[in-house]
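One file, final.pdb, carrying PDB, C-alpha atoms:
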```
ATOM      1  CA  MET A   1     -18.775 205.719 137.823
ATOM      2  CA  LYS A   2     -15.725 206.006 140.057
ATOM      3  CA  LEU A   3     -16.278 208.133 143.162
ATOM      4  CA  VAL A   4     -13.758 209.898 145.401
ATOM      5  CA  GLU A   5     -14.014 209.313 149.146
ATOM      6  CA  GLY A   6     -14.475 212.427 151.264
ATOM      7  CA  ARG A   7     -11.526 211.486 153.455
ATOM      8  CA  ASP A   8      -9.280 211.697 150.382
ATOM      9  CA  LEU A   9     -10.139 215.364 149.789
ATOM     10  CA  LYS A  10      -8.753 218.462 151.441
ATOM     11  CA  PRO A  11      -9.450 222.196 151.039
ATOM     12  CA  GLY A  12      -7.899 223.645 147.893
ATOM     13  CA  ASP A  13      -7.889 220.386 145.884
ATOM     14  CA  ASN A  14      -8.693 220.593 142.171
ATOM     15  CA  VAL A  15     -11.421 218.081 141.356
ATOM     16  CA  CYS A  16     -13.447 216.711 138.434
ATOM     17  CA  VAL A  17     -17.215 216.582 138.970
ATOM     18  CA  ASP A  18     -20.004 214.845 137.079
ATOM     19  CA  LYS A  19     -21.715 217.465 134.903
ATOM     20  CA  ASP A  20     -25.226 216.340 135.922
ATOM     21  CA  SER A  21     -24.959 215.337 139.591
ATOM     22  CA  PHE A  22     -21.884 217.426 140.580
ATOM     23  CA  ILE A  23     -20.511 214.359 142.391
ATOM     24  CA  VAL A  24     -16.718 214.410 142.723
ATOM     25  CA  VAL A  25     -15.381 211.642 140.483
ATOM     26  CA  ASP A  26     -11.643 212.384 140.359
ATOM     27  CA  THR A  27      -8.893 214.653 141.655
ATOM     28  CA  LEU A  28      -6.274 216.623 139.740
ATOM     29  CA  PRO A  29      -2.764 217.670 140.691
ATOM     30  CA  ASN A  30      -2.713 221.239 141.958
ATOM     31  CA  GLU A  31      -0.344 222.322 139.210
ATOM     32  CA  ILE A  32      -2.994 221.671 136.535
ATOM     33  CA  ASP A  33      -5.131 224.652 135.518
ATOM     34  CA  PRO A  34      -8.696 223.958 136.777
ATOM     35  CA  ARG A  35     -10.070 225.241 133.470
ATOM     36  CA  VAL A  36      -8.753 222.094 131.806
ATOM     37  CA  ALA A  37     -10.947 219.890 133.985
ATOM     38  CA  ALA A  38     -14.053 221.609 132.637
ATOM     39  CA  MET A  39     -13.150 220.325 129.163
ATOM     40  CA  GLU A  40     -12.821 216.676 130.150
ATOM     41  CA  VAL A  41     -15.506 214.123 129.430
ATOM     42  CA  VAL A  42     -15.149 211.821 132.423
ATOM     43  CA  ASP A  43     -17.434 209.133 131.027
ATOM     44  CA  ARG A  44     -16.502 207.618 127.689
ATOM     45  CA  PRO A  45     -18.526 209.091 124.797
ATOM     46  CA  THR A  46     -21.545 206.975 123.868
ATOM     47  CA  ASP A  47     -21.484 207.957 120.187
ATOM     48  CA  SER A  48     -20.455 205.105 117.906
ATOM     49  CA  PHE A  49     -19.666 204.721 114.238
ATOM     50  CA  LEU A  50     -23.141 203.200 113.851
ATOM     51  CA  ASP A  51     -24.476 206.718 114.469
ATOM     52  CA  VAL A  52     -22.539 208.078 111.482
ATOM     53  CA  GLY A  53     -23.977 208.004 107.987
ATOM     54  CA  GLY A  54     -22.413 208.576 104.592
ATOM     55  CA  LEU A  55     -18.812 208.752 105.831
ATOM     56  CA  ASP A  56     -17.550 205.228 105.170
ATOM     57  CA  ARG A  57     -14.229 206.348 103.667
ATOM     58  CA  GLN A  58     -13.562 208.809 106.486
ATOM     59  CA  ILE A  59     -14.385 206.185 109.119
ATOM     60  CA  GLN A  60     -12.016 203.676 107.508
ATOM     61  CA  GLU A  61      -9.180 206.208 107.525
ATOM     62  CA  LEU A  62      -9.810 207.034 111.196
ATOM     63  CA  LEU A  63      -9.882 203.348 112.093
ATOM     64  CA  GLU A  64      -6.413 203.028 110.578
ATOM     65  CA  ALA A  65      -4.927 206.294 111.878
ATOM     66  CA  VAL A  66      -6.475 206.551 115.363
ATOM     67  CA  VAL A  67      -8.258 203.400 116.485
ATOM     68  CA  LEU A  68      -5.720 200.783 115.379
ATOM     69  CA  PRO A  69      -2.687 202.537 116.969
ATOM     70  CA  LEU A  70      -4.521 202.800 120.310
ATOM     71  CA  THR A  71      -5.918 199.264 120.328
ATOM     72  CA  HIS A  72      -3.124 197.337 118.553
ATOM     73  CA  PRO A  73       0.141 199.329 118.706
ATOM     74  CA  GLU A  74       2.073 196.091 118.316
ATOM     75  CA  LYS A  75       1.021 195.878 114.652
ATOM     76  CA  PHE A  76       2.872 199.099 113.880
ATOM     77  CA  ALA A  77       5.870 197.937 115.909
ATOM     78  CA  ALA A  78       5.964 194.686 113.935
ATOM     79  CA  LEU A  79       6.155 196.649 110.690
ATOM     80  CA  GLY A  80       8.760 199.013 112.118
ATOM     81  CA  ILE A  81       6.739 202.172 111.418
ATOM     82  CA  PRO A  82       5.438 204.837 113.813
ATOM     83  CA  PRO A  83       1.669 205.367 113.884
ATOM     84  CA  PRO A  84       0.316 208.851 113.162
ATOM     85  CA  LYS A  85       0.355 211.245 116.126
ATOM     86  CA  GLY A  86      -2.334 213.562 114.835
ATOM     87  CA  VAL A  87      -5.180 213.680 112.353
ATOM     88  CA  LEU A  88      -6.730 216.748 110.744
ATOM     89  CA  LEU A  89     -10.427 216.693 109.844
ATOM     90  CA  TYR A  90     -11.418 219.477 107.499
ATOM     91  CA  GLY A  91     -14.674 220.463 105.857
ATOM     92  CA  ALA A  92     -17.718 222.673 106.189
ATOM     93  CA  PRO A  93     -19.570 222.925 109.533
ATOM     94  CA  GLY A  94     -22.134 220.224 110.233
ATOM     95  CA  THR A  95     -20.462 217.479 108.211
ATOM     96  CA  GLY A  96     -19.799 215.116 111.140
ATOM     97  CA  LYS A  97     -16.245 215.932 112.248
ATOM     98  CA  THR A  98     -16.985 216.129 115.975
ATOM     99  CA  LEU A  99     -19.236 213.067 115.869
ATOM    100  CA  VAL A 100     -16.584 210.794 114.350
ATOM    101  CA  ALA A 101     -13.974 212.075 116.825
ATOM    102  CA  ARG A 102     -16.273 211.108 119.695
ATOM    103  CA  ALA A 103     -16.905 207.751 118.017
ATOM    104  CA  CYS A 104     -13.132 207.134 117.932
ATOM    105  CA  ALA A 105     -12.988 207.665 121.698
ATOM    106  CA  ASN A 106     -15.913 205.287 122.162
ATOM    107  CA  LYS A 107     -14.323 202.624 119.959
ATOM    108  CA  THR A 108     -10.997 202.798 121.809
ATOM    109  CA  GLN A 109     -12.508 203.343 125.285
ATOM    110  CA  SER A 110     -10.429 206.506 125.543
ATOM    111  CA  THR A 111     -10.846 209.668 127.557
ATOM    112  CA  PHE A 112     -12.165 212.424 125.292
ATOM    113  CA  LEU A 113     -10.705 215.897 125.862
ATOM    114  CA  LYS A 114     -12.359 218.532 123.714
ATOM    115  CA  LEU A 115     -10.891 221.999 123.301
ATOM    116  CA  ALA A 116     -12.149 224.854 121.166
ATOM    117  CA  GLY A 117      -9.356 226.751 119.477
ATOM    118  CA  SER A 118     -11.036 229.969 120.568
ATOM    119  CA  ASN A 119     -10.601 228.890 124.216
ATOM    120  CA  LEU A 120      -6.846 228.736 123.668
ATOM    121  CA  VAL A 121      -6.744 232.390 122.670
ATOM    122  CA  GLN A 122      -6.365 233.937 126.107
ATOM    123  CA  CYS A 123      -6.647 237.576 127.097
ATOM    124  CA  TYR A 124      -3.425 237.589 129.117
ATOM    125  CA  ILE A 125       0.144 236.755 128.181
ATOM    126  CA  GLY A 126       1.049 233.083 128.480
ATOM    127  CA  GLY A 127      -2.491 231.937 129.288
ATOM    128  CA  GLY A 128      -3.052 229.982 126.090
ATOM    129  CA  ALA A 129       0.336 228.259 126.216
ATOM    130  CA  LYS A 130      -0.232 227.212 129.830
ATOM    131  CA  LEU A 131      -3.643 225.800 128.961
ATOM    132  CA  VAL A 132      -2.076 223.744 126.163
ATOM    133  CA  ARG A 133       0.615 222.360 128.508
ATOM    134  CA  ASP A 134      -1.933 221.453 131.175
ATOM    135  CA  THR A 135      -4.224 219.821 128.624
ATOM    136  CA  PHE A 136      -1.492 217.487 127.395
ATOM    137  CA  GLN A 137      -0.377 216.732 130.946
ATOM    138  CA  LEU A 138      -3.931 215.728 131.792
ATOM    139  CA  ALA A 139      -4.167 213.712 128.562
ATOM    140  CA  LYS A 140      -1.116 211.651 129.540
ATOM    141  CA  MET A 141      -2.553 211.070 133.024
ATOM    142  CA  LYS A 142      -5.862 209.850 131.583
ATOM    143  CA  ALA A 143      -4.390 207.791 128.729
ATOM    144  CA  PRO A 144      -5.563 206.389 126.470
ATOM    145  CA  THR A 145      -6.791 209.832 125.488
ATOM    146  CA  ILE A 146      -8.047 211.570 122.380
ATOM    147  CA  VAL A 147      -7.440 215.324 122.427
ATOM    148  CA  PHE A 148      -9.941 216.932 120.061
ATOM    149  CA  ILE A 149      -9.186 220.538 119.089
ATOM    150  CA  ASP A 150     -12.151 222.126 117.334
ATOM    151  CA  GLU A 151     -11.821 225.416 115.436
ATOM    152  CA  LEU A 152      -8.114 224.683 115.054
ATOM    153  CA  ASP A 153      -7.729 227.672 112.720
ATOM    154  CA  ALA A 154      -8.372 230.028 115.677
ATOM    155  CA  VAL A 155      -4.966 229.150 117.106
ATOM    156  CA  GLY A 156      -3.225 227.431 114.185
ATOM    157  CA  SER A 157      -3.399 230.061 111.452
ATOM    158  CA  ARG A 158      -0.383 230.775 109.287
ATOM    159  CA  ARG A 159       2.063 233.094 111.068
ATOM    160  CA  ARG A 160       2.897 236.448 109.514
ATOM    161  CA  ASP A 161       6.113 238.469 109.602
ATOM    162  CA  ALA A 162       6.861 239.742 113.110
ATOM    163  CA  SER A 163       6.703 243.375 112.016
ATOM    164  CA  GLU A 164       3.130 242.923 110.773
ATOM    165  CA  ARG A 165       1.690 241.248 113.870
ATOM    166  CA  SER A 166      -0.253 242.854 116.692
ATOM    167  CA  SER A 167       0.350 241.942 120.337
ATOM    168  CA  GLY A 168      -2.737 239.714 120.250
ATOM    169  CA  GLU A 169      -1.436 237.866 117.200
ATOM    170  CA  ARG A 170       1.925 237.363 118.900
ATOM    171  CA  GLU A 171       0.137 235.746 121.849
ATOM    172  CA  VAL A 172      -1.685 233.398 119.453
ATOM    173  CA  ASP A 173       1.704 232.555 117.917
ATOM    174  CA  ARG A 174       3.071 231.662 121.365
ATOM    175  CA  THR A 175       0.120 229.355 121.922
ATOM    176  CA  LEU A 176       0.663 227.703 118.535
ATOM    177  CA  ILE A 177       4.364 227.178 119.277
ATOM    178  CA  GLU A 178       3.454 225.509 122.572
ATOM    179  CA  LEU A 179       0.971 223.257 120.760
ATOM    180  CA  LEU A 180       3.680 222.249 118.279
ATOM    181  CA  ASN A 181       6.123 221.569 121.120
ATOM    182  CA  GLN A 182       3.596 219.418 122.952
ATOM    183  CA  MET A 183       2.844 217.389 119.840
ATOM    184  CA  ASP A 184       6.577 216.846 119.353
ATOM    185  CA  GLY A 185       7.042 216.002 123.033
ATOM    186  CA  PHE A 186       4.888 212.913 123.399
ATOM    187  CA  SER A 187       5.561 209.518 121.896
ATOM    188  CA  THR A 188       3.243 206.843 120.595
ATOM    189  CA  ARG A 189       3.834 204.978 123.862
ATOM    190  CA  ASP A 190       1.925 207.725 125.696
ATOM    191  CA  GLN A 191      -1.335 206.504 124.113
ATOM    192  CA  VAL A 192      -2.425 210.052 123.234
ATOM    193  CA  LYS A 193      -3.878 211.002 119.858
ATOM    194  CA  VAL A 194      -4.630 214.518 118.643
ATOM    195  CA  ILE A 195      -7.541 215.165 116.295
ATOM    196  CA  GLY A 196      -7.914 218.682 114.945
ATOM    197  CA  ALA A 197     -10.952 220.012 113.097
ATOM    198  CA  THR A 198     -11.327 223.089 110.930
ATOM    199  CA  ASN A 199     -13.398 224.515 108.107
ATOM    200  CA  ARG A 200     -10.481 226.765 107.041
ATOM    201  CA  VAL A 201      -7.701 224.357 106.155
ATOM    202  CA  ASP A 202      -6.314 226.953 103.727
ATOM    203  CA  VAL A 203      -5.206 229.284 106.555
ATOM    204  CA  LEU A 204      -3.415 226.709 108.745
ATOM    205  CA  ASP A 205       0.287 227.115 109.456
ATOM    206  CA  PRO A 206       2.424 224.651 107.422
ATOM    207  CA  ALA A 207       4.358 223.718 110.575
ATOM    208  CA  LEU A 208       1.175 222.247 112.026
ATOM    209  CA  LEU A 209       0.596 220.061 108.979
ATOM    210  CA  ARG A 210       4.061 218.614 108.533
ATOM    211  CA  SER A 211       4.861 214.944 109.032
ATOM    212  CA  GLY A 212       5.099 213.928 112.679
ATOM    213  CA  ARG A 213       2.286 216.240 113.773
ATOM    214  CA  MET A 214      -0.919 216.192 111.750
ATOM    215  CA  ASP A 215       0.202 213.219 109.655
ATOM    216  CA  LYS A 216      -3.226 212.408 108.263
ATOM    217  CA  LYS A 217      -5.600 214.852 106.555
ATOM    218  CA  ILE A 218      -9.191 213.713 106.009
ATOM    219  CA  GLU A 219     -11.729 215.751 104.067
ATOM    220  CA  PHE A 220     -15.389 215.859 105.128
ATOM    221  CA  PRO A 221     -17.413 216.955 102.086
ATOM    222  CA  GLU A 222     -21.038 218.010 102.002
ATOM    223  CA  PRO A 223     -23.165 214.819 101.907
ATOM    224  CA  ASP A 224     -24.497 213.657  98.558
ATOM    225  CA  GLU A 225     -27.993 212.252  98.021
ATOM    226  CA  ALA A 226     -27.100 208.743  99.203
ATOM    227  CA  ALA A 227     -25.312 210.088 102.284
ATOM    228  CA  ARG A 228     -28.239 212.350 103.200
ATOM    229  CA  THR A 229     -30.621 209.420 102.909
ATOM    230  CA  ARG A 230     -28.375 207.266 105.094
ATOM    231  CA  VAL A 231     -28.140 209.985 107.771
ATOM    232  CA  MET A 232     -31.932 210.252 107.887
ATOM    233  CA  GLN A 233     -32.264 206.470 108.091
ATOM    234  CA  ILE A 234     -29.996 206.490 111.137
ATOM    235  CA  HIS A 235     -31.908 209.265 112.887
ATOM    236  CA  THR A 236     -35.316 207.703 112.197
ATOM    237  CA  ARG A 237     -34.479 204.128 113.166
ATOM    238  CA  LYS A 238     -36.034 204.617 116.625
ATOM    239  CA  MET A 239     -38.925 206.737 115.353
ATOM    240  CA  LYS A 240     -42.355 205.397 114.459
ATOM    241  CA  VAL A 241     -42.756 206.342 110.815
ATOM    242  CA  GLY A 242     -45.756 205.734 108.594
ATOM    243  CA  PRO A 243     -45.779 203.293 105.659
ATOM    244  CA  ASP A 244     -45.878 206.202 103.207
ATOM    245  CA  VAL A 245     -42.498 207.585 104.272
ATOM    246  CA  ASP A 246     -39.919 207.543 101.472
ATOM    247  CA  LEU A 247     -36.595 208.793 102.805
ATOM    248  CA  GLU A 248     -34.930 208.360  99.425
ATOM    249  CA  GLU A 249     -37.386 210.881  98.001
ATOM    250  CA  ILE A 250     -36.637 213.259 100.870
ATOM    251  CA  GLY A 251     -32.931 212.732 100.214
ATOM    252  CA  ARG A 252     -33.429 213.891  96.624
ATOM    253  CA  THR A 253     -35.148 217.094  97.749
ATOM    254  CA  THR A 254     -32.538 218.115 100.326
ATOM    255  CA  GLU A 255     -29.637 219.143  98.117
ATOM    256  CA  GLY A 256     -27.371 221.484 100.077
ATOM    257  CA  PHE A 257     -28.280 219.969 103.462
ATOM    258  CA  ASN A 258     -25.377 218.933 105.669
ATOM    259  CA  CYS A 259     -25.482 216.077 108.188
ATOM    260  CA  ALA A 260     -26.597 218.339 111.037
ATOM    261  CA  MET A 261     -29.461 219.694 108.934
ATOM    262  CA  CYS A 262     -30.580 216.161 108.026
ATOM    263  CA  LYS A 263     -30.711 215.292 111.716
ATOM    264  CA  ALA A 264     -32.643 218.492 112.438
ATOM    265  CA  LEU A 265     -35.067 217.620 109.639
ATOM    266  CA  CYS A 266     -35.923 214.284 111.274
ATOM    267  CA  THR A 267     -36.475 215.946 114.643
ATOM    268  CA  GLU A 268     -38.648 218.657 113.078
ATOM    269  CA  ALA A 269     -40.750 216.052 111.230
ATOM    270  CA  ALA A 270     -41.400 214.246 114.520
ATOM    271  CA  MET A 271     -42.396 217.525 116.181
ATOM    272  CA  LEU A 272     -44.837 218.293 113.365
ATOM    273  CA  ALA A 273     -46.416 214.854 113.800
ATOM    274  CA  LEU A 274     -46.661 215.460 117.539
ATOM    275  CA  ARG A 275     -48.262 218.855 116.935
ATOM    276  CA  ARG A 276     -51.068 217.345 114.864
ATOM    277  CA  GLY A 277     -51.640 214.586 117.407
ATOM    278  CA  SER A 278     -50.402 211.696 115.285
ATOM    279  CA  GLN A 279     -48.748 208.585 116.698
ATOM    280  CA  SER A 280     -46.469 208.205 113.680
ATOM    281  CA  VAL A 281     -44.529 210.464 111.341
ATOM    282  CA  ALA A 282     -45.905 210.764 107.818
ATOM    283  CA  GLN A 283     -44.264 211.691 104.530
ATOM    284  CA  ALA A 284     -46.039 215.066 104.650
ATOM    285  CA  ASP A 285     -44.303 215.803 107.955
ATOM    286  CA  PHE A 286     -40.914 215.282 106.345
ATOM    287  CA  VAL A 287     -41.873 217.452 103.369
ATOM    288  CA  ASP A 288     -42.985 220.273 105.674
ATOM    289  CA  ALA A 289     -39.876 219.798 107.818
ATOM    290  CA  VAL A 290     -37.664 220.470 104.790
ATOM    291  CA  SER A 291     -39.224 223.922 104.482
ATOM    292  CA  GLU A 292     -38.885 224.544 108.226
ATOM    293  CA  VAL A 293     -35.180 223.675 108.286
ATOM    294  CA  LEU A 294     -34.496 225.766 105.184
ATOM    295  CA  ALA A 295     -36.287 228.738 106.757
ATOM    296  CA  ARG A 296     -34.205 228.312 109.914
ATOM    297  CA  LYS A 297     -31.008 228.218 107.854
ATOM    298  CA  LYS A 298     -32.006 231.421 106.053
ATOM    299  CA  PHE A 299     -32.787 233.111 109.383
ATOM    300  CA  ASN A 300     -29.420 232.108 110.852
ATOM    301  CA  ALA A 301     -27.623 233.390 107.766
ATOM    302  CA  ASN A 302     -29.246 236.822 108.038
ATOM    303  CA  HIS A 303     -29.203 237.362 111.796
ATOM    304  CA  TYR A 304     -26.495 237.499 114.442
ATOM    305  CA  VAL A 305     -27.042 236.564 118.077
TER     306      VAL A 305
END
```
Could you render the structure as structure tokens?
Amino acid sequence: MKLVEGRDLKPGDNVCVDKDSFIVVDTLPNEIDPRVAAMEVVDRPTDSFLDVGGLDRQIQELLEAVVLPLTHPEKFAALGIPPPKGVLLYGAPGTGKTLVARACANKTQSTFLKLAGSNLVQCYIGGGAKLVRDTFQLAKMKAPTIVFIDELDAVGSRRRDASERSSGEREVDRTLIELLNQMDGFSTRDQVKVIGATNRVDVLDPALLRSGRMDKKIEFPEPDEAARTRVMQIHTRKMKVGPDVDLEEIGRTTEGFNCAMCKALCTEAAMLALRRGSQSVAQADFVDAVSEVLARKKFNANHYV
């Protein structure tokens, strides 16, 4: 980890700190909004494509649209074509969109800047647009960089007629326009890629999806039986499981589970084994864990926090 010497700091400097130790690891120009620094992952993400199950087609498309342009831009230059600037990942929550975005940053050794679309919707005029500008300025400074915008629909929804919009909606529109301008304003030489994620692709503004912005659209469906089994195999590879464990059988009984639920199932099974004092996880633990995760899903669907 790179550290900043105390003699290089002065009162009023904007700094990046390690989220665990609070050690100063970098400085930022004063013109950058300090809120942007809180969204930066200083260390490269440790998630890899080996941690992703059941998404082989999606991974291949991301390797071509994100990883290859950052690691071998000369291949696109040789063909005389520009690489995609942005990629849109769409699908239901819990299907692995954030995980594969982090894996792209790991594969390319890129800085990973994650923004939630809801964070771009500011309570004062011009706040969201300024945050977008500062984010892209920071991305260029830290290149190669992957800017990941989660909940893209919060700021990228289809614009309505001016007479029908409230003042809050007009502010969201200003933020969206700034996002479009920033995506148009950087070139492939800047080594910055934008990955957006949403579960409401139907409400996105067409201007955001046109060629030259979000060039690539990749769907993340609910995992099928084989994908669910593969996800559980990944999340149990470091666990001590009993000889009676049949993950393929568990995969058949978990219809409707997304990737996040499959991961939670494995964790719950291990906790059940721990609770009964066992040194390994048995098939019965996985069976009981299915019921526990389903009950949790039902609770979350019927209660608001």
Worksheet item: To one decimal place, how far is atom CA of A:Thr27 from atom CA of A:Glu178 in Å?
Response: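 A separation of 25.2 Å between them.
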Item to complete: Could you list the residues chosen by the PyMOL selection byres ((chain A and resi 3) around 10) in this structure as an MDAnalysis selection string?
Response: chainID A and resid 1:2 4:6 17:18 23:27
Could those selected residues go to a file with C-alpha atoms, as a PDB file, in the coordinates of the input?
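That gives us result-v7.pdb:
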```pdb
ATOM      1  CA  MET A   1     -18.775 205.719 137.823  1.00  0.00           C
ATOM      2  CA  LYS A   2     -15.725 206.006 140.057  1.00  0.00           C
ATOM      3  CA  VAL A   4     -13.758 209.898 145.401  1.00  0.00           C
ATOM      4  CA  GLU A   5     -14.014 209.313 149.146  1.00  0.00           C
ATOM      5  CA  GLY A   6     -14.475 212.427 151.264  1.00  0.00           C
ATOM      6  CA  VAL A  17     -17.215 216.582 138.970  1.00  0.00           C
ATOM      7  CA  ASP A  18     -20.004 214.845 137.079  1.00  0.00           C
ATOM      8  CA  ILE A  23     -20.511 214.359 142.391  1.00  0.00           C
ATOM      9  CA  VAL A  24     -16.718 214.410 142.723  1.00  0.00           C
ATOM     10  CA  VAL A  25     -15.381 211.642 140.483  1.00  0.00           C
ATOM     11  CA  ASP A  26     -11.643 212.384 140.359  1.00  0.00           C
ATOM     12  CA  THR A  27      -8.893 214.653 141.655  1.00  0.00           C
TER      13      THR A  27
END
```
Worksheet entry | Residue members of the PyMOL selection byres ((chain A and resi 285) around 9) in the file shown, as a list in words |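 With the shown file as input, the PyMOL selection byres ((chain A and resi 285) around 9) matches Glu268, Ala269, Ala270, Met271, Leu272, Ala273, Val281, Ala282, Gln283, Ala284, Phe286, Val287, Asp288, Ala289 and Val290 of chain A.
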How would the residues just chosen look if you wrote them out with C-alpha atoms as a PDB file, in the frame of the given file?
```
ATOM      1  CA  GLU A 268     -38.648 218.657 113.078  1.00  0.00           C
ATOM      2  CA  ALA A 269     -40.750 216.052 111.230  1.00  0.00           C
ATOM      3  CA  ALA A 270     -41.400 214.246 114.520  1.00  0.00           C
ATOM      4  CA  MET A 271     -42.396 217.525 116.181  1.00  0.00           C
ATOM      5  CA  LEU A 272     -44.837 218.293 113.365  1.00  0.00           C
ATOM      6  CA  ALA A 273     -46.416 214.854 113.800  1.00  0.00           C
ATOM      7  CA  VAL A 281     -44.529 210.464 111.341  1.00  0.00           C
ATOM      8  CA  ALA A 282     -45.905 210.764 107.818  1.00  0.00           C
ATOM      9  CA  GLN A 283     -44.264 211.691 104.530  1.00  0.00           C
ATOM     10  CA  ALA A 284     -46.039 215.066 104.650  1.00  0.00           C
ATOM     11  CA  PHE A 286     -40.914 215.282 106.345  1.00  0.00           C
ATOM     12  CA  VAL A 287     -41.873 217.452 103.369  1.00  0.00           C
ATOM     13  CA  ASP A 288     -42.985 220.273 105.674  1.00  0.00           C
ATOM     14  CA  ALA A 289     -39.876 219.798 107.818  1.00  0.00           C
ATOM     15  CA  VAL A 290     -37.664 220.470 104.790  1.00  0.00           C
TER      16      VAL A 290
END
```
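Put simply, atom CA of A:Ile250 is 27.9 Å away from atom CA of A:Leu89.
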Worksheet item: Which residue gives the smallest distance to A:Thr71 among A:Leu204, A:Val192, A:Leu55, A:Leu120, with all atoms listed in the file counted?
Response: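 Closest residue, counting all atoms listed in the file: A:Val192.
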Worksheet item: Can you list, as a PyMOL selection string, every protein, DNA or RNA residue that comes within 12 Å of A:Lys238 when you count only C-alpha atoms, leaving out same-chain residues fewer than 5 positions away?
Response: chain A and resi 51+232-233+266-267+270+280-281
Worksheet item: atom CA of A:Met261 and atom CA of A:Glu292, how far apart in Å?
Response: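 Pair atom CA of A:Glu292 / atom CA of A:Met261 returns 10.6 Å.
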Worksheet entry | Expansion of the PyMOL selection byres ((chain A and resi 230) around 10) into residues, as a PyMOL selection string | chain A and resi 52-55+223-229+231-236+247-248+251+259+262
Fill in: Contact residues around A:Lys217 with all atoms listed in the file at 12 Å, ignoring same-chain residues under 6 positions, as a PyMOL selection string
chain A and resi 58+61-62+65+84-91+195-198+201+208-211
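The closest residue to A:Phe76, picked from A:Thr254, A:Arg189, A:Thr145, A:Gly96 and counting all atoms listed in the file, is A:Arg189.
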Practice prompt. Take the point (-6.4, 227.0, 111.0) in the file's coordinates, draw a sphere of radius 8 Å around it, and report as a count of residues only every protein, DNA or RNA residue with an atom inside or on it, counting only C-alpha atoms.
Written response: 16
Worksheet item: Counting only C-alpha atoms, what is within 8 Å of A:Val100, bar same-chain residues fewer than 3 positions away, as a list in words?
Response: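 With the cut-off at 8 Å, the set is Ser48, Phe49, Val52, Ile59, Gly96, Lys97, Ala103 and Cys104 of chain A.
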Response to the item:
Shortest contact to A:Thr175, candidates A:Val132, A:Leu50, A:Lys297, A:Ala139, atoms counted only C-alpha atoms, goes to A:Val132
Using all atoms listed in the file, determine which residues lie at most 10 Å from A:Gln109, disregarding the query and same-chain residues fewer than 2 positions distant; provide the list as a JSON list (two decimals) with C-alpha atoms, in the frame of the given file.
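The resulting selection-v8.json:
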```json
[["chain", "number", "residue", "atom", "x", "y", "z"],
["A", 43, "ASP", "CA", -17.43, 209.13, 131.03],
["A", 44, "ARG", "CA", -16.50, 207.62, 127.69],
["A", 45, "PRO", "CA", -18.53, 209.09, 124.80],
["A", 46, "THR", "CA", -21.54, 206.98, 123.87],
["A", 67, "VAL", "CA", -8.26, 203.40, 116.48],
["A", 70, "LEU", "CA", -4.52, 202.80, 120.31],
["A", 71, "THR", "CA", -5.92, 199.26, 120.33],
["A", 103, "ALA", "CA", -16.90, 207.75, 118.02],
["A", 104, "CYS", "CA", -13.13, 207.13, 117.93],
["A", 105, "ALA", "CA", -12.99, 207.66, 121.70],
["A", 106, "ASN", "CA", -15.91, 205.29, 122.16],
["A", 107, "LYS", "CA", -14.32, 202.62, 119.96],
["A", 111, "THR", "CA", -10.85, 209.67, 127.56],
["A", 112, "PHE", "CA", -12.16, 212.42, 125.29],
["A", 143, "ALA", "CA", -4.39, 207.79, 128.73],
["A", 144, "PRO", "CA", -5.56, 206.39, 126.47],
["A", 145, "THR", "CA", -6.79, 209.83, 125.49],
["A", 146, "ILE", "CA", -8.05, 211.57, 122.38]]
```
Worksheet item: Which of these residues is nearest to A:Arg174, using only C-alpha atoms: A:Lys75, A:Ser187, A:Arg159, A:Asp246?
Response: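 Under the stated criterion, the closest residue is A:Arg159.
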Keeping N, CA and C atoms (and nothing else), can you write stretch 106-114 of chain A of this structure as a JSON list (two decimals), in the first residue's frame?
```
[["chain", "number", "residue", "atom", "x", "y", "z"],
["A", 106, "ASN", "N", -10.38, -6.31, -11.19],
["A", 106, "ASN", "CA", -9.30, -7.19, -10.74],
["A", 106, "ASN", "C", -8.49, -7.70, -11.93],
["A", 107, "LYS", "N", -9.18, -8.13, -12.97],
["A", 107, "LYS", "CA", -8.52, -8.70, -14.15],
["A", 107, "LYS", "C", -7.65, -7.68, -14.86],
["A", 108, "THR", "N", -8.08, -6.42, -14.86],
["A", 108, "THR", "CA", -7.34, -5.38, -15.58],
["A", 108, "THR", "C", -6.45, -4.55, -14.66],
["A", 109, "GLN", "N", -6.44, -4.90, -13.36],
["A", 109, "GLN", "CA", -5.67, -4.14, -12.36],
["A", 109, "GLN", "C", -6.05, -2.66, -12.42],
["A", 110, "SER", "N", -7.36, -2.42, -12.46],
["A", 110, "SER", "CA", -7.88, -1.05, -12.57],
["A", 110, "SER", "C", -8.40, -0.55, -11.23],
["A", 111, "THR", "N", -8.40, 0.76, -11.07],
["A", 111, "THR", "CA", -9.10, 1.37, -9.95],
["A", 111, "THR", "C", -10.60, 1.15, -10.15],
["A", 112, "PHE", "N", -11.30, 0.86, -9.06],
["A", 112, "PHE", "CA", -12.73, 0.58, -9.12],
["A", 112, "PHE", "C", -13.48, 1.69, -8.40],
["A", 113, "LEU", "N", -14.20, 2.51, -9.15],
["A", 113, "LEU", "CA", -15.01, 3.59, -8.58],
["A", 113, "LEU", "C", -16.48, 3.19, -8.65],
["A", 114, "LYS", "N", -17.08, 2.99, -7.51],
["A", 114, "LYS", "CA", -18.49, 2.58, -7.48],
["A", 114, "LYS", "C", -19.37, 3.73, -7.01]]
```
